[in-house]
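Containing TSV, C-alpha atoms and all ligand atoms: protein.tsv.
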chain	number	residue	atom	x	y	z
A	487	MET	CA	-10.58	-26.69	-12.74
A	488	GLY	CA	-10.80	-25.41	-16.31
A	489	GLU	CA	-8.38	-22.56	-17.07
A	490	ASN	CA	-11.14	-20.13	-17.95
A	491	LYS	CA	-13.58	-21.06	-15.24
A	492	ARG	CA	-14.65	-17.98	-13.32
A	493	LEU	CA	-14.23	-18.37	-9.58
A	494	ARG	CA	-16.78	-17.14	-7.11
A	495	PHE	CA	-15.31	-14.59	-4.67
A	496	PRO	CA	-15.37	-16.83	-1.60
A	497	PHE	CA	-15.89	-14.27	1.17
A	498	ASP	CA	-19.00	-12.80	2.74
A	499	VAL	CA	-19.53	-9.13	3.39
A	500	GLU	CA	-20.64	-8.00	6.81
A	501	GLU	CA	-22.18	-4.62	7.52
A	502	ILE	CA	-20.63	-2.58	10.31
A	503	GLU	CA	-23.14	-1.73	13.03
A	504	PRO	CA	-24.53	1.83	12.57
A	505	GLU	CA	-23.30	2.93	16.04
A	506	GLU	CA	-19.78	1.69	15.31
A	507	LYS	CA	-19.86	3.37	11.91
A	508	MET	CA	-20.93	6.66	13.48
A	509	GLU	CA	-18.14	6.37	16.02
A	510	ILE	CA	-15.57	5.83	13.25
A	511	LYS	CA	-16.94	8.61	11.03
A	512	ARG	CA	-16.84	11.07	13.90
A	513	LEU	CA	-13.05	11.10	13.57
A	514	PHE	CA	-12.94	12.05	9.91
A	515	ASN	CA	-13.57	15.46	8.37
A	516	TYR	CA	-14.35	13.69	5.09
A	517	PRO	CA	-16.42	10.83	6.47
A	518	LYS	CA	-17.74	9.54	3.16
A	519	ILE	CA	-15.78	6.33	2.76
A	520	ASP	CA	-18.36	3.65	3.46
A	521	LEU	CA	-16.75	0.74	5.29
A	522	VAL	CA	-17.73	-2.93	5.39
A	523	ARG	CA	-16.01	-6.05	6.77
A	524	VAL	CA	-15.06	-8.85	4.41
A	525	GLY	CA	-14.35	-12.52	5.02
A	526	PRO	CA	-13.69	-14.52	8.19
A	527	LYS	CA	-10.91	-12.17	9.31
A	528	GLY	CA	-13.18	-9.17	8.89
A	529	TYR	CA	-10.89	-7.07	6.71
A	530	VAL	CA	-12.19	-3.51	6.60
A	531	MET	CA	-12.81	-2.45	3.03
A	532	SER	CA	-14.56	0.38	1.27
A	533	ARG	CA	-17.92	-0.64	-0.19
A	534	PRO	CA	-17.04	-0.05	-3.89
A	535	TYR	CA	-14.45	-2.83	-3.56
A	536	ILE	CA	-17.23	-5.39	-3.20
A	537	GLU	CA	-18.54	-4.83	-6.69
A	538	HIS	CA	-15.10	-5.58	-8.17
A	539	ALA	CA	-13.84	-8.15	-5.67
A	540	GLU	CA	-14.70	-11.03	-7.98
A	541	ASN	CA	-13.08	-9.39	-11.02
A	542	ILE	CA	-9.89	-8.91	-9.04
A	543	TYR	CA	-10.09	-12.47	-7.71
A	544	ASN	CA	-10.30	-13.67	-11.31
A	545	LEU	CA	-7.64	-11.34	-12.71
A	546	PRO	CA	-5.77	-13.27	-15.39
A	547	ILE	CA	-2.24	-13.57	-14.01
A	548	ARG	CA	0.72	-13.63	-16.38
A	549	PRO	CA	3.97	-15.46	-15.56
A	550	THR	CA	5.86	-12.22	-16.23
A	551	ASP	CA	3.79	-10.18	-13.74
A	552	VAL	CA	5.47	-8.71	-10.69
A	553	TYR	CA	3.25	-7.77	-7.71
A	554	VAL	CA	4.36	-5.55	-4.84
A	555	ALA	CA	2.00	-6.20	-1.96
A	556	SER	CA	1.80	-4.79	1.54
A	557	PHE	CA	-0.33	-3.22	4.20
A	558	GLN	CA	-0.48	0.50	3.40
A	559	ARG	CA	2.61	2.47	4.64
A	560	ALA	CA	4.95	-0.49	5.00
A	561	GLY	CA	7.43	0.93	2.48
A	562	THR	CA	5.54	-0.12	-0.65
A	563	THR	CA	6.71	2.77	-2.84
A	564	TRP	CA	10.32	2.24	-1.81
A	565	THR	CA	10.07	-1.47	-2.68
A	566	GLN	CA	8.23	-0.75	-5.93
A	567	GLU	CA	11.00	1.53	-7.15
A	568	LEU	CA	13.72	-0.92	-6.14
A	569	VAL	CA	11.96	-3.76	-7.96
A	570	TRP	CA	11.14	-1.69	-11.03
A	571	LEU	CA	14.71	-0.48	-11.54
A	572	LEU	CA	16.16	-3.96	-11.13
A	573	ALA	CA	13.63	-5.42	-13.53
A	574	ASN	CA	14.04	-2.62	-16.08
A	575	ASP	CA	17.81	-2.53	-16.49
A	576	PHE	CA	18.21	0.56	-14.31
A	577	ASP	CA	16.23	2.79	-16.64
A	578	TYR	CA	16.54	5.95	-14.51
A	579	GLU	CA	15.33	8.17	-17.33
A	580	THR	CA	11.89	6.53	-17.26
A	581	ALA	CA	11.91	6.08	-13.47
A	582	LEU	CA	12.50	9.80	-12.98
A	583	SER	CA	10.02	10.99	-15.58
A	584	VAL	CA	7.06	8.59	-15.40
A	585	PRO	CA	5.19	8.70	-12.07
A	586	ILE	CA	5.22	5.43	-10.18
A	587	THR	CA	1.41	5.48	-10.20
A	588	HIS	CA	1.59	5.10	-14.02
A	589	ARG	CA	4.25	2.41	-13.94
A	590	TYR	CA	2.37	0.36	-11.36
A	591	PRO	CA	-1.43	0.18	-11.63
A	592	PHE	CA	-2.78	0.03	-8.07
A	593	LEU	CA	-5.34	-2.78	-8.01
A	594	GLU	CA	-7.90	-1.47	-5.52
A	595	VAL	CA	-7.22	2.25	-5.23
A	596	PHE	CA	-10.59	3.02	-6.85
A	597	MET	CA	-12.32	1.93	-3.66
A	598	LEU	CA	-10.79	4.89	-1.80
A	599	PHE	CA	-11.41	7.56	-4.42
A	600	ALA	CA	-14.97	6.64	-5.44
A	601	GLU	CA	-16.77	9.24	-3.31
A	602	TRP	CA	-14.16	11.91	-3.85
A	603	LYS	CA	-14.46	11.38	-7.59
A	604	ASN	CA	-18.23	11.96	-7.44
A	605	ASP	CA	-17.66	15.19	-5.54
A	606	CYS	CA	-15.01	16.32	-8.03
A	607	LEU	CA	-17.26	15.62	-11.00
A	608	LYS	CA	-20.08	17.61	-9.39
A	609	ASN	CA	-17.76	20.61	-9.23
A	610	ILE	CA	-15.84	20.08	-12.44
A	611	ASP	CA	-17.28	23.23	-14.07
A	612	LYS	CA	-15.62	25.32	-11.40
A	613	VAL	CA	-12.14	24.19	-12.51
A	614	GLU	CA	-10.60	27.32	-14.01
A	615	SER	CA	-8.84	26.00	-17.15
A	616	ILE	CA	-9.39	23.26	-19.72
A	617	GLU	CA	-5.84	22.08	-19.14
A	618	LYS	CA	-6.42	21.65	-15.41
A	619	LYS	CA	-9.74	19.96	-16.03
A	620	GLU	CA	-8.05	17.43	-18.34
A	621	LYS	CA	-5.34	16.77	-15.79
A	622	LEU	CA	-7.94	16.25	-13.08
A	623	LEU	CA	-9.87	13.80	-15.24
A	624	LYS	CA	-6.65	11.90	-15.96
A	625	MET	CA	-5.86	11.78	-12.25
A	626	LEU	CA	-9.36	10.48	-11.53
A	627	GLU	CA	-8.92	7.87	-14.24
A	628	VAL	CA	-5.71	6.60	-12.58
A	629	ASN	CA	-7.10	6.65	-9.04
A	630	ALA	CA	-10.83	6.11	-9.25
A	631	GLN	CA	-11.27	3.61	-12.09
A	632	PRO	CA	-10.98	-0.13	-11.49
A	633	VAL	CA	-7.83	-1.20	-13.32
A	634	THR	CA	-8.70	-4.74	-14.44
A	635	GLU	CA	-9.50	-3.64	-18.01
A	636	LYS	CA	-6.42	-1.47	-18.20
A	637	LEU	CA	-4.32	-4.40	-17.00
A	638	ALA	CA	-5.69	-6.62	-19.75
A	639	ALA	CA	-4.46	-4.12	-22.34
A	640	MET	CA	-1.04	-3.60	-20.75
A	641	PRO	CA	2.03	-5.07	-22.39
A	642	SER	CA	4.16	-7.51	-20.37
A	643	PRO	CA	5.91	-7.39	-18.04
A	644	ARG	CA	3.35	-5.71	-15.82
A	645	PHE	CA	4.17	-4.24	-12.41
A	646	ILE	CA	1.20	-4.11	-10.07
A	647	LYS	CA	0.73	-2.61	-6.60
A	648	THR	CA	-1.79	-3.89	-4.11
A	649	HIS	CA	-2.66	-3.55	-0.44
A	650	LEU	CA	-5.14	-6.41	-0.59
A	651	PRO	CA	-4.54	-9.38	1.70
A	652	MET	CA	-3.19	-12.39	-0.21
A	653	SER	CA	-6.48	-14.27	0.19
A	654	PHE	CA	-8.34	-11.59	-1.86
A	655	LEU	CA	-5.94	-12.01	-4.80
A	656	PRO	CA	-6.30	-14.70	-7.47
A	657	PRO	CA	-5.54	-18.09	-5.87
A	658	ASN	CA	-2.99	-18.94	-8.60
A	659	ILE	CA	-0.99	-15.74	-8.08
A	660	VAL	CA	2.20	-17.16	-6.56
A	661	ASP	CA	2.15	-20.30	-8.69
A	662	THR	CA	2.13	-18.09	-11.77
A	663	ALA	CA	3.79	-14.74	-11.08
A	664	LYS	CA	6.22	-13.14	-8.65
A	665	VAL	CA	5.04	-11.44	-5.47
A	666	ILE	CA	7.15	-9.25	-3.20
A	667	TYR	CA	5.48	-8.51	0.15
A	668	ILE	CA	6.81	-5.94	2.59
A	669	ALA	CA	5.93	-5.74	6.29
A	670	ARG	CA	6.84	-3.19	8.98
A	671	ASP	CA	6.61	-2.73	12.73
A	672	ALA	CA	2.90	-2.31	13.50
A	673	ARG	CA	3.53	0.77	15.64
A	674	ASP	CA	5.34	2.57	12.82
A	675	ILE	CA	2.63	1.43	10.42
A	676	ALA	CA	0.03	3.02	12.70
A	677	ILE	CA	1.89	6.33	12.90
A	678	SER	CA	2.55	6.46	9.19
A	679	ASN	CA	-1.11	5.65	8.45
A	680	TYR	CA	-2.21	8.35	10.87
A	681	HIS	CA	-0.21	10.93	8.89
A	682	HIS	CA	-1.38	9.43	5.62
A	683	ALA	CA	-5.00	9.77	6.77
A	684	ARG	CA	-4.29	13.44	7.44
A	685	LEU	CA	-2.39	13.88	4.16
A	686	PHE	CA	-5.15	12.64	1.89
A	687	LYS	CA	-8.36	14.62	1.94
A	688	ILE	CA	-10.21	11.47	0.89
A	689	PHE	CA	-9.90	10.66	4.64
A	690	ASP	CA	-9.02	13.98	6.31
A	691	PHE	CA	-8.53	12.41	9.73
A	692	ALA	CA	-9.44	14.93	12.40
A	693	GLY	CA	-8.38	13.18	15.62
A	694	GLU	CA	-5.15	12.85	17.55
A	695	PHE	CA	-2.75	9.96	17.11
A	696	LYS	CA	-4.23	8.24	20.17
A	697	ASP	CA	-7.66	8.21	18.49
A	698	PHE	CA	-6.12	6.72	15.38
A	699	TRP	CA	-4.25	4.09	17.39
A	700	GLU	CA	-7.54	2.97	18.97
A	701	LEU	CA	-9.13	2.64	15.52
A	702	PHE	CA	-6.11	0.74	14.28
A	703	ILE	CA	-5.74	-1.84	17.04
A	704	ASN	CA	-9.48	-2.38	17.27
A	705	ASP	CA	-9.64	-3.21	13.56
A	706	ARG	CA	-11.74	-0.22	12.60
A	707	TYR	CA	-9.42	1.29	10.01
A	708	ILE	CA	-9.33	0.43	6.33
A	709	GLN	CA	-7.42	-2.85	5.60
A	710	THR	CA	-7.15	-3.87	9.26
A	711	PRO	CA	-6.63	-6.33	10.98
A	712	TYR	CA	-2.93	-5.62	10.40
A	713	PHE	CA	-1.41	-8.83	11.71
A	714	GLU	CA	-3.80	-11.06	9.78
A	715	HIS	CA	-2.71	-9.27	6.60
A	716	VAL	CA	0.97	-9.86	7.37
A	717	LYS	CA	0.48	-13.45	8.52
A	718	GLU	CA	-1.23	-14.44	5.28
A	719	ALA	CA	1.84	-13.40	3.30
A	720	TRP	CA	4.29	-14.70	5.92
A	721	ASN	CA	2.72	-18.17	5.64
A	722	MET	CA	3.48	-18.14	1.91
A	723	ARG	CA	7.07	-16.90	2.26
A	724	HIS	CA	8.73	-20.22	1.36
A	725	HIS	CA	7.03	-20.34	-2.02
A	726	PRO	CA	9.75	-19.79	-4.64
A	727	ASN	CA	7.70	-17.00	-6.26
A	728	MET	CA	7.17	-15.12	-2.99
A	729	LEU	CA	9.73	-12.80	-1.44
A	730	PHE	CA	8.94	-11.50	2.04
A	731	LEU	CA	10.74	-8.34	3.18
A	732	PHE	CA	10.71	-6.12	6.25
A	733	TYR	CA	10.99	-2.33	6.07
A	734	GLU	CA	13.51	-2.53	8.90
A	735	GLU	CA	15.78	-4.72	6.73
A	736	LEU	CA	15.80	-2.10	3.99
A	737	LYS	CA	16.65	0.56	6.58
A	738	LYS	CA	19.43	-1.52	8.11
A	739	ASP	CA	21.17	-2.82	5.00
A	740	LEU	CA	19.68	-1.68	1.69
A	741	PRO	CA	22.41	-3.29	-0.52
A	742	ALA	CA	21.72	-6.67	1.12
A	743	VAL	CA	18.01	-6.35	0.28
A	744	VAL	CA	18.82	-5.20	-3.26
A	745	ARG	CA	20.90	-8.38	-3.70
A	746	ARG	CA	18.03	-10.56	-2.41
A	747	VAL	CA	15.51	-8.89	-4.71
A	748	ALA	CA	17.93	-9.12	-7.66
A	749	SER	CA	18.46	-12.82	-7.06
A	750	PHE	CA	14.68	-13.33	-6.75
A	751	LEU	CA	14.20	-11.58	-10.11
A	752	GLY	CA	17.17	-13.40	-11.68
A	753	LYS	CA	19.21	-10.21	-12.15
A	754	GLU	CA	22.87	-9.34	-11.67
A	755	VAL	CA	23.99	-6.10	-10.01
A	756	THR	CA	27.50	-4.69	-10.35
A	757	GLU	CA	29.07	-2.62	-7.58
A	758	LYS	CA	28.64	0.52	-9.67
A	759	GLN	CA	24.96	-0.23	-10.32
A	760	MET	CA	24.47	-0.93	-6.62
A	761	THR	CA	25.96	2.41	-5.59
A	762	ARG	CA	23.76	4.36	-7.97
A	763	LEU	CA	20.63	2.40	-7.07
A	764	CYS	CA	21.09	2.87	-3.32
A	765	ASP	CA	21.72	6.57	-3.89
A	766	HIS	CA	18.53	6.84	-5.96
A	767	LEU	CA	16.60	4.97	-3.24
A	768	SER	CA	18.01	7.01	-0.35
A	769	PHE	CA	15.41	8.78	1.74
A	770	ASP	CA	16.68	12.27	0.86
A	771	ASN	CA	16.58	11.59	-2.88
A	772	PHE	CA	13.22	9.89	-2.63
A	773	LYS	CA	11.72	12.84	-0.82
A	774	LYS	CA	12.81	15.12	-3.69
A	775	ASN	CA	11.86	12.70	-6.46
A	776	LYS	CA	8.62	13.92	-8.07
A	777	ALA	CA	7.99	10.57	-9.77
A	778	VAL	CA	7.56	8.84	-6.42
A	779	ASN	CA	6.65	11.50	-3.84
A	780	TYR	CA	3.02	12.12	-4.95
A	781	GLU	CA	3.60	15.87	-4.90
A	782	ASP	CA	1.86	16.02	-8.30
A	783	MET	CA	-1.40	15.32	-6.42
A	784	ARG	CA	-1.19	18.68	-4.64
A	785	GLU	CA	-2.59	20.63	-7.55
A	786	PHE	CA	-5.86	18.66	-7.27
A	787	ASP	CA	-6.38	19.75	-3.71
A	788	VAL	CA	-6.49	16.14	-2.54
A	789	ILE	CA	-3.35	16.58	-0.42
A	790	SER	CA	-3.11	18.54	2.80
A	791	PRO	CA	-0.47	21.31	2.91
A	792	ASN	CA	0.77	20.09	6.32
A	793	GLU	CA	1.83	16.56	5.38
A	794	THR	CA	4.00	14.76	2.80
A	795	PHE	CA	3.78	11.25	1.32
A	796	ILE	CA	7.49	10.52	1.80
A	797	ARG	CA	7.48	11.65	5.39
A	798	LYS	CA	10.15	10.71	7.99
A	799	GLY	CA	11.44	7.37	6.75
A	800	LYS	CA	12.49	6.13	10.19
A	801	ALA	CA	12.40	2.72	11.82
A	802	ASN	CA	11.17	2.88	15.41
A	803	GLY	CA	9.83	6.41	15.00
A	804	TRP	CA	6.89	5.26	17.16
A	805	ARG	CA	8.94	5.91	20.29
A	806	ASP	CA	8.26	9.66	19.85
A	807	TYR	CA	4.46	9.09	19.91
A	808	PHE	CA	3.75	6.44	22.51
A	809	ASP	CA	3.39	7.18	26.20
A	810	GLU	CA	4.07	4.44	28.75
A	811	ASP	CA	0.51	3.11	28.72
A	812	MET	CA	0.40	2.94	24.94
A	813	THR	CA	3.81	1.26	24.86
A	814	ARG	CA	2.63	-1.46	27.22
A	815	GLN	CA	-0.66	-1.82	25.37
A	816	ALA	CA	1.20	-2.14	22.06
A	817	GLU	CA	3.57	-4.75	23.46
A	818	ARG	CA	0.65	-6.82	24.70
A	819	TRP	CA	-1.20	-6.43	21.43
A	820	ILE	CA	1.84	-7.46	19.37
A	821	ALA	CA	2.61	-10.42	21.67
A	822	ASP	CA	-1.03	-11.58	21.48
A	823	ASN	CA	-0.91	-11.45	17.71
A	824	LEU	CA	2.41	-13.23	17.35
A	825	ARG	CA	1.58	-15.98	19.86
A	826	GLY	CA	1.33	-19.37	18.21
A	827	THR	CA	3.03	-18.14	15.02
A	828	ASP	CA	6.67	-18.15	13.92
A	829	LEU	CA	6.34	-14.58	12.59
A	830	ARG	CA	9.09	-12.47	14.15
A	831	PHE	CA	10.08	-8.98	13.10
A	832	PRO	CA	13.88	-8.95	12.75
A	833	HIS	CA	14.45	-5.85	14.89
A	834	MET	CA	12.35	-7.27	17.74
A	835	THR	CA	14.39	-10.44	18.22
A	836	SER	CA	17.67	-8.77	19.24
A	901	LIG	P1	6.84	7.28	7.27
A	901	LIG	O1	5.46	7.86	7.21
A	901	LIG	O2	7.09	6.57	8.56
A	901	LIG	O3	7.90	8.27	6.98
A	901	LIG	P2	4.14	3.32	1.49
A	901	LIG	O4	4.94	3.57	0.27
A	901	LIG	O5	3.82	1.87	1.73
A	901	LIG	O6	2.95	4.20	1.57
A	901	LIG	O7	5.07	3.65	2.74
A	901	LIG	C1	5.37	4.97	3.07
A	901	LIG	C2	6.38	4.95	4.20
A	901	LIG	O8	7.67	4.57	3.67
A	901	LIG	C3	6.58	6.35	4.79
A	901	LIG	O9	6.94	6.15	6.16
A	901	LIG	C4	7.73	6.86	3.95
A	901	LIG	O10	8.40	7.97	4.47
A	901	LIG	C5	8.61	5.62	3.91
A	901	LIG	N1	9.59	5.68	2.83
A	901	LIG	C6	9.37	5.92	1.53
A	901	LIG	N2	10.51	5.98	0.85
A	901	LIG	C7	11.50	5.75	1.74
A	901	LIG	C8	12.94	5.70	1.64
A	901	LIG	N3	13.56	5.90	0.48
A	901	LIG	N4	13.63	5.47	2.77
A	901	LIG	C9	12.99	5.26	3.95
A	901	LIG	N5	11.65	5.30	4.11
A	901	LIG	C10	10.92	5.55	3.02

Is it possible to give me this structure as structure tokens?
Amino acid sequence: MGENKRLRFPFDVEEIEPEEKMEIKRLFNYPKIDLVRVGPKGYVMSRPYIEHAENIYNLPIRPTDVYVASFQRAGTTWTQELVWLLANDFDYETALSVPITHRYPFLEVFMLFAEWKNDCLKNIDKVESIEKKEKLLKMLEVNAQPVTEKLAAMPSPRFIKTHLPMSFLPPNIVDTAKVIYIARDARDIAISNYHHARLFKIFDFAGEFKDFWELFINDRYIQTPYFEHVKEAWNMRHHPNMLFLFYEELKKDLPAVVRRVASFLGKEVTEKQMTRLCDHLSFDNFKKNKAVNYEDMREFDVISPNETFIRKGKANGWRDYFDEDMTRQAERWIADNLRGTDLRFPHMTS
């Protein structure tokens, strides 16, 4: 295969049946995200992704790139900050002043903001000041523009966030660059995504958690099926350029994870550096940290007043949401998905 040969995106796109689409849209106050299923696993994606899927699949990977990959709400932002500070000699000044969204282009975020962007542009003349208008346009540029061109112009090393399954990324990614994947208990993922879908007005989820849970386990929510996403990365975990983490490990022993990530990146950490880093990464400090908590999005009216991006930060928070039936259903669903695999979540084995 010649180095510059463009690869065909190898997956087919399947339309979701109109009745199923209607049923999904019924649960959203902003029901404009147009969903399709992609590939043999039927990953649910937003239609604008399709147009750029091949560009992303052919993204030129640099050996110095660092990718933080996950299913949405697995602790991506937490991992991104940990990785970035280790890789950038603990540059807290930049970490605290430059939003994480600017330090880490988010490969496919445009697919979520496409419709919202169109609505914003229709109403742009109603924005009261030139300053606010400019800020809004900048925000739209970060969130609604495909980032492949921007990435080409970025100096190395680049730090890149993605929620795409590994099979949608360039096939040479782990042979060339470093990838850190984070997974989390599916039940906590579902709860956190439920709140996230209420936080962002690009979804504006209107149902109860139970409605969301049904969407999630029946593979009707964006990025699902969850376990297929995790398994793809899990199966690559022995590759020397792949580091596979669990949210629950960060919760249980953050310094131990910092040491693993540091060793993966070829970095040393002194005791003093460790103390400061873990303090910076603590939930309470993260919640207050404007460079990572997405509070800057509030002024664009894309964030609901009743929710926050850095929310509860708990492992096993699902116990407060699940009744007995849901608990049993979840156990069956998890067991079905783990059967025949060696994927085990660390907190489930004890
Ligand atoms: P909850 O909604 O359960 O609180 P992502 O960055 O992938 O979107 O993940 C967000 C989830 O990680 C949220 O989970 C958020 O609160 C949690 N999180 C973010 N920073 C954290 C931290 N420093 N400590 C613990 N959890 C954190």

Checklist entry - Between A:Arg830, A:Arg644, A:His538, A:Arg548, which one has atoms that come closest to Val595 (chain A), using only C-alpha atoms? => result A:His538

Let me have all residues with an atom within 9 Å of ligand LIG 901 (chain A), counting all atoms listed in the file, laid out as a compact mmCIF listing (two decimals) with C-alpha atoms, keeping the file's coordinate frame.
# COMPACT_ATOMS: atom_id res chain seq x y z
CA SER A 556 1.80 -4.79 1.54
CA PHE A 557 -0.33 -3.22 4.20
CA GLN A 558 -0.48 0.50 3.40
CA ARG A 559 2.61 2.47 4.64
CA ALA A 560 4.95 -0.49 5.00
CA GLY A 561 7.43 0.93 2.48
CA THR A 562 5.54 -0.12 -0.65
CA THR A 563 6.71 2.77 -2.84
CA TRP A 564 10.32 2.24 -1.81
CA THR A 565 10.07 -1.47 -2.68
CA GLN A 566 8.23 -0.75 -5.93
CA HIS A 649 -2.66 -3.55 -0.44
CA ILE A 668 6.81 -5.94 2.59
CA ASP A 674 5.34 2.57 12.82
CA ILE A 675 2.63 1.43 10.42
CA ALA A 676 0.03 3.02 12.70
CA ILE A 677 1.89 6.33 12.90
CA SER A 678 2.55 6.46 9.19
CA ASN A 679 -1.11 5.65 8.45
CA TYR A 680 -2.21 8.35 10.87
CA HIS A 681 -0.21 10.93 8.89
CA HIS A 682 -1.38 9.43 5.62
CA TYR A 733 10.99 -2.33 6.07
CA LEU A 736 15.80 -2.10 3.99
CA LYS A 737 16.65 0.56 6.58
CA CYS A 764 21.09 2.87 -3.32
CA HIS A 766 18.53 6.84 -5.96
CA LEU A 767 16.60 4.97 -3.24
CA SER A 768 18.01 7.01 -0.35
CA PHE A 769 15.41 8.78 1.74
CA ASP A 770 16.68 12.27 0.86
CA ASN A 771 16.58 11.59 -2.88
CA PHE A 772 13.22 9.89 -2.63
CA LYS A 773 11.72 12.84 -0.82
CA VAL A 778 7.56 8.84 -6.42
CA ASN A 779 6.65 11.50 -3.84
CA THR A 794 4.00 14.76 2.80
CA PHE A 795 3.78 11.25 1.32
CA ILE A 796 7.49 10.52 1.80
CA ARG A 797 7.48 11.65 5.39
CA LYS A 798 10.15 10.71 7.99
CA GLY A 799 11.44 7.37 6.75
CA LYS A 800 12.49 6.13 10.19
CA ALA A 801 12.40 2.72 11.82
CA ASN A 802 11.17 2.88 15.41
CA GLY A 803 9.83 6.41 15.00
CA TRP A 804 6.89 5.26 17.16

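Among the candidates A:Trp570, A:Phe689, A:Asp705, A:Lys518, the one nearest to Leu582 (chain A) when counting all atoms listed in the file is A:Trp570.
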
Next on the checklist: Using all atoms listed in the file for the distances, tell me which of A:Arg706, A:Lys664, A:His588, A:Arg805 is nearest to Val569 (chain A).
Outcome noted: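 Answer, going by the shortest atom-to-atom distance: A:Lys664.
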
Item to check | Pairwise distance for CA of Glu718 (chain A) and CA of Tyr535 (chain A), rounded to one decimal in Å | outcome: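 Between CA of Glu718 (chain A) and CA of Tyr535 (chain A) the gap is 19.7 Å.
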
Checklist outcome for this item: Computed gap from CA of Asn609 (chain A) to CA of Val628 (chain A) is 18.8 Å

Checklist entry - Using only C-alpha atoms, which of A:Met508, A:Ala777, A:Leu545, A:Ala683 sits nearest Thr634 (chain A)? => result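 Comparing A:Met508, A:Ala777, A:Leu545, A:Ala683 against Thr634 (chain A), the winner is A:Leu545.
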
Checklist entry - Rounded to one decimal in Å, what is the spacing between CA of Ser749 (chain A) and CA of Ala719 (chain A)? => result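 Between these atoms lies a distance of 19.6 Å.
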
Checklist entry - If we count all atoms listed in the file, what is near Met783 (chain A) at a cut-off of 12 Å, once residues fewer than 2 positions away on the same chain are taken out, given as an MDAnalysis selection string? => result chainID A and resid 585 587 621:622 624:626 628:629 685:687 776:781 785:791 794:795

Next on the checklist: Could you list, as a list in words, every residue within 10 Å of Glu509 (chain A), counting only C-alpha atoms and ignoring same-chain residues fewer than 5 positions away?
Outcome noted: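 Answer for this query is Glu503, Pro504, Phe514, Leu701 and Arg706 of chain A.
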
Please write the residues from the selection above to a file, keeping C-alpha atoms, as a PDB file, in the frame of the given file.
ATOM      1  CA  GLU A 503     -23.140  -1.730  13.030  1.00  0.00           C
ATOM      2  CA  PRO A 504     -24.530   1.830  12.570  1.00  0.00           C
ATOM      3  CA  PHE A 514     -12.940  12.050   9.910  1.00  0.00           C
ATOM      4  CA  LEU A 701      -9.130   2.640  15.520  1.00  0.00           C
ATOM      5  CA  ARG A 706     -11.740  -0.220  12.600  1.00  0.00           C
TER       6      ARG A 706
END

Item to check | Residues within 8 Å of Ile542 (chain A), only C-alpha atoms, excluding chain neighbours under 2 positions, as a list of chain:residue names | outcome: A:His538, A:Ala539, A:Glu540, A:Asn544, A:Leu545, A:Leu593, A:Thr634, A:Phe654, A:Leu655, A:Pro656

Next on the checklist: Within 12 Å of (0.5, -6.6, -22.8) (file coordinates; all atoms listed in the file), which protein or nucleic acid residues are there? I'd like them as a list in words.
Outcome noted: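 Collected hits near the coordinates: Pro546, Ile547, Arg548, Pro549, Thr550, Asp551, Glu635, Lys636, Leu637, Ala638, Ala639, Met640, Pro641, Ser642, Pro643, Arg644 and Phe645 of chain A.
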
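Minimum atom-to-atom distance to Asp811 (chain A), evaluated using all atoms listed in the file, belongs to A:Lys696 out of A:Pro526, A:Ser583, A:Lys696, A:Phe495.
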
Complete region 739-748 of chain A at the level of N, CA and C atoms, written as a CSV table (one decimal), in the frame of the given file.
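And here's result.csv as it stands now:
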chain,number,residue,atom,x,y,z
A,739,ASP,N,20.2,-2.4,6.0
A,739,ASP,CA,21.2,-2.8,5.0
A,739,ASP,C,20.5,-2.9,3.6
A,740,LEU,N,20.4,-1.7,3.0
A,740,LEU,CA,19.7,-1.7,1.7
A,740,LEU,C,20.4,-2.5,0.6
A,741,PRO,N,21.7,-2.5,0.5
A,741,PRO,CA,22.4,-3.3,-0.5
A,741,PRO,C,22.1,-4.8,-0.3
A,742,ALA,N,22.0,-5.2,0.9
A,742,ALA,CA,21.7,-6.7,1.1
A,742,ALA,C,20.3,-7.0,0.6
A,743,VAL,N,19.4,-6.1,0.8
A,743,VAL,CA,18.0,-6.4,0.3
A,743,VAL,C,18.0,-6.3,-1.2
A,744,VAL,N,18.8,-5.3,-1.8
A,744,VAL,CA,18.8,-5.2,-3.3
A,744,VAL,C,19.3,-6.5,-3.8
A,745,ARG,N,20.3,-7.1,-3.2
A,745,ARG,CA,20.9,-8.4,-3.7
A,745,ARG,C,19.9,-9.5,-3.6
A,746,ARG,N,19.1,-9.5,-2.5
A,746,ARG,CA,18.0,-10.6,-2.4
A,746,ARG,C,17.0,-10.4,-3.5
A,747,VAL,N,16.6,-9.1,-3.7
A,747,VAL,CA,15.5,-8.9,-4.7
A,747,VAL,C,16.1,-9.2,-6.1
A,748,ALA,N,17.3,-8.8,-6.3
A,748,ALA,CA,17.9,-9.1,-7.7
A,748,ALA,C,18.0,-10.6,-7.9
